[in-house]
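Following: one structure in C-alpha cells, then a few remarks.
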Amino acid sequence: MKTALITGVTGQDGSYLAEFLLEKGYQVHGIKRRASQLNTDRIDHIYQGTQTEHARFRLHYGDLTDSSNLTRIIAQIAPDEIYNLGAQSHVAVSFEAPEYTADVDALGTLRLLEAIRFLGLEKKTRFYQASTSELYGQVQQSPQSEMTPFHPRSPYAVAKMFAYWTCVNYREAYGMFACNGILFNHESPRRGETFVTRKITRGLANIAMGLSDCLYLGNIDAKRDWGHAKDYVEMQWLMLQQDIPEDYVIATGVQHSVREFVMWAAAELGVSLRFSGQGPHEIATVKAITSDRAGHVKVGDVIMRIDPRYYRPAEVETLLGDASKAKEKLNWYPKTTAHEMCREMVAADLQEAERHALLKRHGLALPMRIDA
Ligand code: NDP
Ligand code: GDR
C-alpha cells in the first residue's frame, strides 16, 4: 500500500485529493493546523469512523512554518508521495500579510524539501508542489504554457515563484522526483467563501432567499480560466506517477470574466441583470425574473455593487492556460466547463441558503458570516 502525506488537507483541493487517494487504496496522512474552532468540515465525511488501528486516513497537527514538526511527521510516515497543497492561498490577503505568506508559501516548501533530504528520503519520496497561474501575473503572451515567462503581481505569487524554483532546484541538484503543477483557477462547491466564484454563488443564493440584499465585488472585468477542482486533483496524482519528474500547466484553455460568472449565477436563480455605471460606480440591477423563488428579489433591485475595497494594489487582469503538454503526456482533458461548474455551485449554495432561511423563519437564524 502506498503512503501519501498531504499538507493543506482541510482545504478545497486537499479534501478532494484525500478522497481520490483513498479510493486508489493509499494510506493517507494529512497535516491540519490547530485552530480555535474545528476546521475539518471538508474532510469529516472521510475521517469519521476510520480511527481504528487499520485506519487509512490519519491526521497530524502541524504547520508549514514549523520545520521540526514537519520533519518529525515525515520521519514517522516516510511517505512515498508528498502533496504540498498547504498555503496562505488568498491573493488579496497576501498584500495584507506578505511576510506570513512568504513564510508559509515559500519557506514552507523549502522546509518540506529539506526535511526529505535531511531524512535521506530523496530517492523514495516523490514531491508535488501546488504551483499556480498567478506566476504569469502580468501576462507576456497568451495563452500561457510551461514556456511563458513569469511576472508575479502579488506577495502570494512571488512566494509561489520561490517555491516553484526551489522545487526545480532540488530536482536538478539532488535528483529528487519533484514536480510543479502550474494549475489555473479551479473551483467547486467546496471553494473557500472569499474566492470570487464562491462569493458570487453564495452571495446571490443568499439574496434569492432573502438573507441579504446586495453582493459587493471588486474588478468584475478580470478574466480567468476556471476548471473544476475535482478534475484537477487527479492530475496532481498523475504527475507523480510518470517516469520523469516534470512541470505541467493544467487549464481548460477557455477564459471568462467575473462579470460573465455573475450573469450565469443570476440566471441559475431565474434572474437577468442590467449593468450600468462605470468602475467603482458600476451596479447590476435586476432586469427580469423568470422564476421567483421566494419573492425576495424584484425587478429594479440593485443586487450587485462595486466596492473599491476588493480592488487589489496590483491586479492580474487576464489568464488563459495552454495545457497541450498535459494533454499529450498525461492524457488530460477537462471534464467540466466553467458554466456547468457555476450551475453546480449555485445549486449547492441555494440548498444551504434554503436551510438558513428555514431556520430564520423559526427564529433560529444563524449569524451571517463576514465576507473578506
Ligand atoms: P485552500 O485555501 O482551500 O486551502 C489551503 C490549505 O492550506 C488549508 O488546508 C489551510 O488550512 C492550509 N494552510 C494554510 N496555512 C497553513 C500553514 N501555515 N500550515 C499548514 N497548512 C496551512 O486552497 P486550495 O485548496 O484552493 O488550493 C490548494 C493549493 O493550491 C494552495 O497551495 C494554493 O495556493 C494552490 N493553488 C490553488 C488554485 C485554485 O484555484 N484553487 C490554483 C493554483 C494553485 P486551514 O483549513 O486551517 O485554513
Ligand atoms: P485569484 O482568485 O486571485 O485568481 O487566486 P480570486 O477568486 O480571489 O479572484 C479572481 C479575480 O476576481 C477578481 N475579483 C474578486 N476576487 C475576490 N476574491 N473577491 C471579490 O470580491 C472580487 N471581485 C473581483 C479578483 O480581483 C481577481 O482578478 C486564486 C487562488 O486560488 C490562488 O491560490 C490561486 O493560485 C489562483 O487562483 C490561480
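In the C-alpha cells, chains take the letters A, B, ... in the order shown, each chain's residues start at 1, and ligands count up from 1 in the order shown.
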
### Message
Taking only C-alpha atoms and all ligand atoms into account, which residues have an atom no farther than 7 Å from ligand 1? I'd like them as a ChimeraX atom specification.
### Response
/A:7-14,31-33,35,39,62-65,84-90,104,130-133,182-187,191-192,229

#### Entry: Test item: residues at most 6 Å from Ala222 in chain A, only C-alpha atoms, excluding those fewer than 3 positions along its chain, as number ranges by chain
A: 219, 257-258, 317-318

Could you save those same residues with N, CA and C atoms as a PDB file, in the first residue's frame?
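Below is the file again18.pdb, written as the result:
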ATOM      1  N   ASN A 219     -12.966  44.056  -9.073  1.00  0.00           N
ATOM      2  CA  ASN A 219     -12.784  44.168 -10.521  1.00  0.00           C
ATOM      3  C   ASN A 219     -13.529  43.039 -11.253  1.00  0.00           C
ATOM      4  N   SER A 257     -14.987  36.161 -17.929  1.00  0.00           N
ATOM      5  CA  SER A 257     -14.807  37.267 -16.974  1.00  0.00           C
ATOM      6  C   SER A 257     -15.635  37.007 -15.710  1.00  0.00           C
ATOM      7  N   VAL A 258     -15.268  37.726 -14.655  1.00  0.00           N
ATOM      8  CA  VAL A 258     -16.037  37.656 -13.404  1.00  0.00           C
ATOM      9  C   VAL A 258     -17.478  38.106 -13.688  1.00  0.00           C
ATOM     10  N   GLU A 317      -5.055  40.816 -14.634  1.00  0.00           N
ATOM     11  CA  GLU A 317      -6.268  41.095 -15.409  1.00  0.00           C
ATOM     12  C   GLU A 317      -6.774  39.881 -16.171  1.00  0.00           C
ATOM     13  N   THR A 318      -5.825  39.085 -16.695  1.00  0.00           N
ATOM     14  CA  THR A 318      -6.269  38.041 -17.613  1.00  0.00           C
ATOM     15  C   THR A 318      -5.348  36.830 -17.557  1.00  0.00           C
TER      16      THR A 318
END

### Task
Based on DSSP run over this structure's backbone, return all residues of range 30-261 of chain A in alpha helix (DSSP H), as a ChimeraX atom specification.
/A:44-47,67-77,91-96,98-101,108-118,155-174,196-208,229-239,258-261

### Task
Quick one: everything within 8 Å of Thr166 in chain A, counting only C-alpha atoms, minus sequence neighbours fewer than 4 positions away in the same chain. Send it as a ChimeraX atom specification.
/A:109-110,162,170

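In this structure, CA of Val196 in chain A sits 15.8 Å away from CA of Ala348 in chain A.
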
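Separating CA of Phe57 in chain A from CA of Ile82 in chain A is a distance of 14.4 Å.
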